[in-house]
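> Here it is, the structure in full.
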Amino acid sequence: MSTQSPEFHLIQTYFKHYAQYDDSVALGIGDDCALINTSANTEQAISVDTSIIGRHFPADADPYYIACRALNSSLSDLAAMGARARWFTLAISLPTMDDAWLAAFSKGLFAAANKAGAQLIGGDTTKSDTLTITVQVQGEVAKGTALLRSGAQIGDTVYVSGELGNAAAGLALYQQGIRQGRLYEAYINPQPQLVLGQQLLGHANSCIDISDGLLADLSHILKASQCAAKIDANKLPLAKEVLDQFSQQQATLWALSGGDDYQLCFTSAHNPEQLKAQGIKAHAIGEIVAGTGYTVENLSDDIQLQQRGFDHFYEPSIQS
Ligand code: ADP
Ligand code: MG
């Protein structure tokens with residue numbers, strides 16, 4: 001079930017194809033972070049993400065949360081590798097210099113940074129009509145231990161770290177003017193699963209963070225690991241708050257294809273009890289099998305599965 005993604009085609013054709021690496025690069029383009037050999041025992045994990053007003057966050061969002069969201073979504077890529085957050089840089093393009101806005105933004109930025117243990121070490125400030133925030137994060141992980149998309153094994157159980165679809169539901173409610181509650185929080189202030197990511201080192205065979213929707217991101221694991229997955233729709237962790245306000249079908253669709261949850265999806269040879277014994281709490285939702293792509297079992301017939309999650313260059317008209 002994988003159609004070519006225009007965004008990944010672009011990255012492959014114009015960037016990855018020409019990238020050449022020397023011995024300093026342990027892992028280049030293609031995973032949640034790049035890995036750089038920094039010392040005999042440590043690799044540095046690096047990732048960068050851009051948030052654009054009106055596209056990645058609503059124009060009327062609280063600047064405190066615009067900052068939290070931009071930093072946390074970037075830190076989520078460190079979590080996906082099992083890396084410890086250490087440093088970040090911030091490039092911000094602003095239409096105006098609004099002190100009240102900047103004060104709230106700064107407060108949110110440092111609240112999120114301090115919680116994660118990430119230190120702001122530089123950046124760039126420019127004027128632009130379009131508010132744009134780019135956060136580059138850097139973390140550390142013991143050499144050779146990072147969680148990769150490419151390590152899934154046939155027979156692994158597929159896990160997710162928490163409820164899925166909350167951010168999509170929170171966005172739908174936001175658009176109706178609801179700016180409070182757990183679903184709003186899930187959308188506006190997603191939490192990077194940094195502690196869990198580090199706990200998973202040595203216990204997970206593959207991992208990715210769910211930024212674009214479970215099926216879209218799981219597909220990256222499947223492609224990188226050259227295997228398939230069977231997912232059980234009945235096992236998806238759905239929030240009571242979502243089920244109370246939306247149909248089961250809508251909740252399931254959001255869990256499978258909604259973006260912005262920033263939970264981890266990982267595969268492990270361990271069963272849930274074995275993980276629990278390690279202090280790892282996660283929901284088993286399926287298994288890795290031979291083949292390509294994914295199948296979703298126990299899906300009611302009236303759910304039209306979107307075959308892809310968020311893709312910046314996706315045009316419905318060119319999908320066959
Ligand atoms: P994520 O969702 O984890 O942030 P992406 O889907 O954005 O990852 O990107 C997939 C891979 O492609 C990552 O390894 C990322 O670093 C790389 N990538 C994305 N855009 C570019 C680019 N313009 N040049 C080089 N590498 C890129
Ligand atoms: Mg990612």
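Starting from 1 in every chain, residues are counted up; chains themselves are A, B, ... following the order of the structure tokens, and ligands are numbered from 1 as listed.
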Could you list, as a short mmCIF file (atom, residue, chain, number, x, y, z; two decimals) with all heavy atoms, in the first residue's frame, all the residues within 8 Å of ligand 2, counting only C-alpha atoms and all ligand atoms?

```
data_model
loop_
_atom_site.label_atom_id
_atom_site.label_comp_id
_atom_site.auth_asym_id
_atom_site.auth_seq_id
_atom_site.Cartn_x
_atom_site.Cartn_y
_atom_site.Cartn_z
N ASP A 31 16.55 9.13 8.26
CA ASP A 31 15.95 8.73 9.53
C ASP A 31 15.46 10.00 10.25
O ASP A 31 15.50 11.10 9.70
CB ASP A 31 16.95 7.94 10.38
CG ASP A 31 16.27 6.82 11.15
OD1 ASP A 31 15.34 7.12 11.93
OD2 ASP A 31 16.65 5.65 10.98
N ASP A 32 14.98 9.86 11.48
CA ASP A 32 14.48 11.03 12.19
C ASP A 32 15.59 12.02 12.51
O ASP A 32 15.35 13.22 12.57
CB ASP A 32 13.77 10.59 13.47
CG ASP A 32 12.49 9.84 13.14
OD1 ASP A 32 11.57 10.48 12.63
OD2 ASP A 32 12.45 8.61 13.34
N CYS A 33 16.77 11.52 12.75
CA CYS A 33 17.95 12.37 12.96
C CYS A 33 19.11 11.81 12.15
O CYS A 33 19.14 10.62 11.85
CB CYS A 33 18.40 12.34 14.43
SG CYS A 33 17.27 13.11 15.59
N SER A 74 10.33 19.30 17.21
CA SER A 74 11.70 19.02 16.78
C SER A 74 12.38 18.04 17.74
O SER A 74 13.06 17.09 17.31
CB SER A 74 12.46 20.35 16.71
OG SER A 74 13.52 20.26 15.81
N SER A 76 11.04 15.80 19.34
CA SER A 76 10.44 14.48 19.14
C SER A 76 11.32 13.60 18.24
O SER A 76 11.36 12.37 18.41
CB SER A 76 9.05 14.67 18.53
OG SER A 76 8.45 13.44 18.26
N ASP A 77 12.05 14.22 17.31
CA ASP A 77 12.95 13.43 16.46
C ASP A 77 14.14 12.88 17.26
O ASP A 77 14.66 11.82 16.94
CB ASP A 77 13.43 14.27 15.27
CG ASP A 77 12.39 14.37 14.17
OD1 ASP A 77 11.66 13.38 13.94
OD2 ASP A 77 12.29 15.44 13.54
N ALA A 80 12.77 9.86 19.03
CA ALA A 80 12.62 8.71 18.13
C ALA A 80 13.92 7.94 17.94
O ALA A 80 13.90 6.76 17.57
CB ALA A 80 12.10 9.19 16.77
N ILE A 208 10.11 5.30 15.29
CA ILE A 208 9.89 6.56 14.58
C ILE A 208 8.93 7.38 15.43
O ILE A 208 8.18 6.82 16.24
CB ILE A 208 9.29 6.28 13.17
CG1 ILE A 208 9.31 7.53 12.29
CG2 ILE A 208 7.86 5.72 13.26
CD1 ILE A 208 9.03 7.25 10.80
N ASP A 209 8.94 8.69 15.28
CA ASP A 209 7.91 9.48 15.96
C ASP A 209 6.76 9.72 14.98
O ASP A 209 6.96 9.81 13.77
CB ASP A 209 8.47 10.79 16.52
CG ASP A 209 8.89 11.77 15.45
OD1 ASP A 209 9.49 11.34 14.44
OD2 ASP A 209 8.62 12.97 15.61
N ILE A 210 5.56 9.78 15.54
CA ILE A 210 4.36 9.90 14.69
C ILE A 210 4.03 11.38 14.51
O ILE A 210 3.31 11.97 15.30
CB ILE A 210 3.17 9.12 15.29
CG1 ILE A 210 3.58 7.67 15.57
CG2 ILE A 210 1.98 9.17 14.33
CD1 ILE A 210 2.52 6.85 16.26
N SER A 211 4.60 11.96 13.46
CA SER A 211 4.33 13.38 13.17
C SER A 211 3.29 13.52 12.07
O SER A 211 2.51 14.45 12.06
CB SER A 211 5.62 14.08 12.76
OG SER A 211 6.27 13.39 11.71
#
```
> Looking only at the backbone, which of the residues in region 32-202 of chain A does DSSP tag as alpha helix (DSSP H), as a PyMOL selection string?
chain A and resi 63-81+99-116+166-175+182-188+194-199
> Keeping only C-alpha atoms, write those residues as a short mmCIF file (atom, residue, chain, number, x, y, z; two decimals), in the first residue's frame.

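Printed below is selection_2.cif as written:
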```
data_model
loop_
_atom_site.label_atom_id
_atom_site.label_comp_id
_atom_site.auth_asym_id
_atom_site.auth_seq_id
_atom_site.Cartn_x
_atom_site.Cartn_y
_atom_site.Cartn_z
CA PRO A 63 2.68 32.55 21.14
CA TYR A 64 3.64 30.65 24.32
CA TYR A 65 2.39 27.46 22.65
CA ILE A 66 3.72 28.34 19.20
CA ALA A 67 7.17 28.17 20.80
CA CYS A 68 6.48 24.99 22.79
CA ARG A 69 5.08 23.30 19.73
CA ALA A 70 7.96 24.28 17.43
CA LEU A 71 10.60 23.09 19.89
CA ASN A 72 8.75 19.98 21.08
CA SER A 73 8.01 18.74 17.57
CA SER A 74 11.70 19.02 16.78
CA LEU A 75 12.77 17.35 20.05
CA SER A 76 10.44 14.48 19.14
CA ASP A 77 12.95 13.43 16.46
CA LEU A 78 15.60 13.05 19.18
CA ALA A 79 13.14 10.92 21.18
CA ALA A 80 12.62 8.71 18.13
CA MET A 81 16.35 7.93 18.05
CA ASP A 99 7.26 42.84 22.66
CA ALA A 100 4.22 41.20 24.27
CA TRP A 101 4.23 38.47 21.60
CA LEU A 102 7.97 37.89 21.96
CA ALA A 103 7.78 37.78 25.76
CA ALA A 104 5.13 35.04 25.63
CA PHE A 105 7.03 33.18 22.91
CA SER A 106 10.24 33.31 24.93
CA LYS A 107 8.48 32.07 28.06
CA GLY A 108 7.06 29.06 26.19
CA LEU A 109 10.37 28.35 24.48
CA PHE A 110 12.34 28.18 27.72
CA ALA A 111 9.62 26.26 29.55
CA ALA A 112 9.83 23.54 26.89
CA ALA A 113 13.64 23.75 26.67
CA ASN A 114 14.14 23.45 30.43
CA LYS A 115 11.74 20.52 30.67
CA ALA A 116 13.72 18.66 28.00
CA ASN A 166 -5.89 13.38 20.10
CA ALA A 167 -4.05 16.13 18.23
CA ALA A 168 -6.29 15.80 15.15
CA ALA A 169 -9.37 15.94 17.39
CA GLY A 170 -7.85 18.90 19.24
CA LEU A 171 -7.34 20.72 15.94
CA ALA A 172 -10.95 20.05 14.87
CA LEU A 173 -12.15 21.44 18.21
CA TYR A 174 -9.73 24.38 17.92
CA GLN A 175 -11.33 25.27 14.61
CA ARG A 182 -6.76 17.54 27.06
CA LEU A 183 -7.33 17.47 23.30
CA TYR A 184 -6.43 21.16 22.90
CA GLU A 185 -3.27 20.48 24.95
CA ALA A 186 -2.43 17.45 22.81
CA TYR A 187 -2.62 19.55 19.65
CA ILE A 188 -1.11 22.82 20.82
CA LEU A 194 12.33 11.69 25.35
CA VAL A 195 12.34 9.54 28.49
CA LEU A 196 10.63 6.64 26.75
CA GLY A 197 12.97 6.91 23.75
CA GLN A 198 15.98 6.43 26.02
CA GLN A 199 14.26 3.61 27.93
#
```
> Just list as a ChimeraX atom specification whatever in region 32-259 of chain A DSSP marks as strand (DSSP E or B).
/A:34-37,42-53,57,84-94,119-127,132-142,157-160,206-209,228-232
> Which residues are close to Lys127 (chain A), i.e. within 9 Å by only C-alpha atoms, leaving aside same-chain residues fewer than 2 positions away? Reply as a PyMOL selection string.
chain A and resi 92-97+125+129-131
> Suppose we keep C-alpha atoms; can you now write the selection as a short mmCIF file (atom, residue, chain, number, x, y, z; two decimals), in the first residue's frame?

```
data_model
loop_
_atom_site.label_atom_id
_atom_site.label_comp_id
_atom_site.auth_asym_id
_atom_site.auth_seq_id
_atom_site.Cartn_x
_atom_site.Cartn_y
_atom_site.Cartn_z
CA ILE A 92 12.97 32.99 13.54
CA SER A 93 11.49 35.19 10.82
CA LEU A 94 9.06 37.78 12.17
CA PRO A 95 6.75 40.26 10.46
CA THR A 96 6.96 42.78 13.33
CA MET A 97 8.76 43.30 16.62
CA THR A 125 16.64 36.49 13.43
CA ASP A 129 5.83 38.76 6.22
CA THR A 130 5.43 35.08 7.06
CA LEU A 131 6.17 34.06 10.63
#
```
> With only C-alpha atoms as the counted atoms, please give the residues lying no more than 8 Å from Gly258 (chain A), apart from itself and same-chain residues fewer than 6 positions off, as a PyMOL selection string.
chain A and resi 165+167-168+212-214+309
> Let's have the selection written as a JSON list (two decimals), in the first residue's frame, with N, CA, C and O atoms.

```
[["chain", "number", "residue", "atom", "x", "y", "z"],
["A", 165, "GLY", "N", -4.61, 10.21, 17.71],
["A", 165, "GLY", "CA", -5.74, 10.96, 17.17],
["A", 165, "GLY", "C", -6.14, 12.14, 18.03],
["A", 165, "GLY", "O", -7.00, 12.94, 17.63],
["A", 167, "ALA", "N", -4.43, 14.84, 18.81],
["A", 167, "ALA", "CA", -4.05, 16.13, 18.23],
["A", 167, "ALA", "C", -4.99, 16.50, 17.08],
["A", 167, "ALA", "O", -5.39, 17.67, 16.95],
["A", 168, "ALA", "N", -5.36, 15.52, 16.26],
["A", 168, "ALA", "CA", -6.29, 15.80, 15.15],
["A", 168, "ALA", "C", -7.65, 16.22, 15.70],
["A", 168, "ALA", "O", -8.27, 17.16, 15.18],
["A", 212, "ASP", "N", 3.26, 12.56, 11.15],
["A", 212, "ASP", "CA", 2.39, 12.68, 9.97],
["A", 212, "ASP", "C", 1.22, 11.70, 9.98],
["A", 212, "ASP", "O", 0.50, 11.62, 8.98],
["A", 213, "GLY", "N", 1.05, 10.95, 11.05],
["A", 213, "GLY", "CA", -0.01, 9.94, 11.11],
["A", 213, "GLY", "C", 0.61, 8.56, 11.23],
["A", 213, "GLY", "O", 1.65, 8.28, 10.62],
["A", 214, "LEU", "N", -0.04, 7.68, 12.02],
["A", 214, "LEU", "CA", 0.52, 6.34, 12.29],
["A", 214, "LEU", "C", 0.88, 5.59, 11.01],
["A", 214, "LEU", "O", 1.99, 5.09, 10.88],
["A", 309, "GLY", "N", -0.24, 10.04, 5.11],
["A", 309, "GLY", "CA", -0.42, 11.06, 6.13],
["A", 309, "GLY", "C", -0.08, 12.39, 5.50],
["A", 309, "GLY", "O", -0.29, 12.61, 4.31]]
```
> For Leu200 (chain A), work out the shell of residues within 9 Å, counting only C-alpha atoms and skipping chain neighbours fewer than 6 positions away, then give it as a PDB file with N, CA, C and O atoms, in the first residue's frame.

```
ATOM      1  N   GLY A  82      16.144   7.719  20.471  1.00  0.00           N
ATOM      2  CA  GLY A  82      16.598   7.348  21.820  1.00  0.00           C
ATOM      3  C   GLY A  82      17.677   8.269  22.346  1.00  0.00           C
ATOM      4  O   GLY A  82      18.409   7.928  23.273  1.00  0.00           O
ATOM      5  N   LEU A 147      18.065   4.183  18.060  1.00  0.00           N
ATOM      6  CA  LEU A 147      16.909   3.489  17.491  1.00  0.00           C
ATOM      7  C   LEU A 147      16.747   3.956  16.051  1.00  0.00           C
ATOM      8  O   LEU A 147      16.643   5.162  15.801  1.00  0.00           O
ATOM      9  N   CYS A 207      12.206   2.366  15.520  1.00  0.00           N
ATOM     10  CA  CYS A 207      11.383   3.404  16.141  1.00  0.00           C
ATOM     11  C   CYS A 207      11.257   4.600  15.193  1.00  0.00           C
ATOM     12  O   CYS A 207      12.158   4.883  14.399  1.00  0.00           O
ATOM     13  N   PHE A 266       7.086   2.017  17.732  1.00  0.00           N
ATOM     14  CA  PHE A 266       8.313   1.221  17.733  1.00  0.00           C
ATOM     15  C   PHE A 266       7.982  -0.258  17.600  1.00  0.00           C
ATOM     16  O   PHE A 266       6.838  -0.670  17.830  1.00  0.00           O
ATOM     17  N   LEU A 275       8.188  -5.764  28.438  1.00  0.00           N
ATOM     18  CA  LEU A 275       8.482  -4.326  28.405  1.00  0.00           C
ATOM     19  C   LEU A 275       8.107  -3.690  29.744  1.00  0.00           C
ATOM     20  O   LEU A 275       8.848  -2.846  30.273  1.00  0.00           O
ATOM     21  N   ILE A 280       8.633   0.024  30.868  1.00  0.00           N
ATOM     22  CA  ILE A 280       8.199   0.640  29.608  1.00  0.00           C
ATOM     23  C   ILE A 280       6.705   0.373  29.401  1.00  0.00           C
ATOM     24  O   ILE A 280       6.273  -0.783  29.327  1.00  0.00           O
TER      25      ILE A 280
END
```
> Rank nothing, just name the residue among A:Ile231, A:Val135, A:Ala277, A:Ala142 nearest to Glu297 (chain A), using only C-alpha atoms.
A:Ile231
> Tell me, in Å to one decimal, how far atom 15 (C, counted along the ligand's line) of ligand 1 is from CA of Pro237 (chain A).
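Rounded to one decimal, the two atoms are 28.0 Å apart.
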> Using only C-alpha atoms, which of A:Gly30, A:Ile133, A:Gly117, A:Val25 sits nearest Asp49 (chain A)?
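Closest to Asp49 (chain A), using only C-alpha atoms: A:Ile133.
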> Taking into account only C-alpha atoms and all ligand atoms, which residue in the set A:Thr134, A:Thr267, A:Asn189, A:Thr38 is nearest to ligand 1?
A:Thr134
> So, with only C-alpha atoms and all ligand atoms as the atoms that count, which of A:Gly286, A:Gly259, A:Gly162, A:Gly122 lies closest to ligand 1?
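With only C-alpha atoms and all ligand atoms as the atom set, the closest residue is A:Gly259.
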> Please report the interatomic distance between atom 26 (N, counted along the ligand's line) of ligand 1 and CA of Gly123 (chain A) in Å with one decimal.
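Separating atom 26 (N, counted along the ligand's line) of ligand 1 from CA of Gly123 (chain A) is a distance of 19.4 Å.
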> I need the residue nearest Ser5 (chain A) from this list: A:Ser219, A:Lys230, A:Thr292, A:Asp23. Use only C-alpha atoms for the distance.
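Residue with the minimum atom-to-atom distance to Ser5 (chain A): A:Ser219.
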> Return the single residue from A:Gln245, A:Ser39, A:Asn298, A:Gln12 that is closest to ligand 1, with distances computed using only C-alpha atoms and all ligand atoms.
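Closest residue, counting only C-alpha atoms and all ligand atoms: A:Gln12.
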> Can you work out the spacing between CA of Arg55 (chain A) and CA of Gln176 (chain A) in Å, to one decimal?
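Straight-line distance from CA of Arg55 (chain A) to CA of Gln176 (chain A) works out to 17.3 Å.
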> For His203 (chain A), list every protein, DNA or RNA residue within 8 Å, evaluated using only C-alpha atoms, and leave out those in the same chain fewer than 5 positions away; present the list as a PyMOL selection string.
chain A and resi 268-270+275
> Mind dumping the selected residues with N, CA and C atoms as a tab-separated table (two decimals), in the first residue's frame?

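Okay, part_29.tsv is ready:
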```
chain	number	residue	atom	x	y	z
A	268	SER	N	9.33	-4.23	18.71
A	268	SER	CA	10.18	-4.89	19.70
A	268	SER	C	9.93	-6.38	19.67
A	269	ALA	N	11.00	-7.15	19.97
A	269	ALA	CA	10.84	-8.60	20.09
A	269	ALA	C	10.20	-8.94	21.42
A	270	HIS	N	10.14	-7.99	22.36
A	270	HIS	CA	9.56	-8.24	23.68
A	270	HIS	C	8.04	-8.13	23.64
A	275	LEU	N	8.19	-5.76	28.44
A	275	LEU	CA	8.48	-4.33	28.41
A	275	LEU	C	8.11	-3.69	29.74
```
> For Ala83 (chain A), please output as a PyMOL selection string all residues within 6 Å (counting only C-alpha atoms; exclusion window: fewer than 6 positions along the same chain).
chain A and resi 139-141
> Using the selection just defined, write its residues with C-alpha atoms as an mmCIF file, in the first residue's frame.

```cif
data_model
loop_
_atom_site.group_PDB
_atom_site.id
_atom_site.type_symbol
_atom_site.label_atom_id
_atom_site.label_comp_id
_atom_site.auth_asym_id
_atom_site.auth_seq_id
_atom_site.Cartn_x
_atom_site.Cartn_y
_atom_site.Cartn_z
ATOM 1 C CA GLY A 139 21.294 15.309 21.259
ATOM 2 C CA GLU A 140 23.575 12.491 22.281
ATOM 3 C CA VAL A 141 23.278 8.733 22.228
#
```
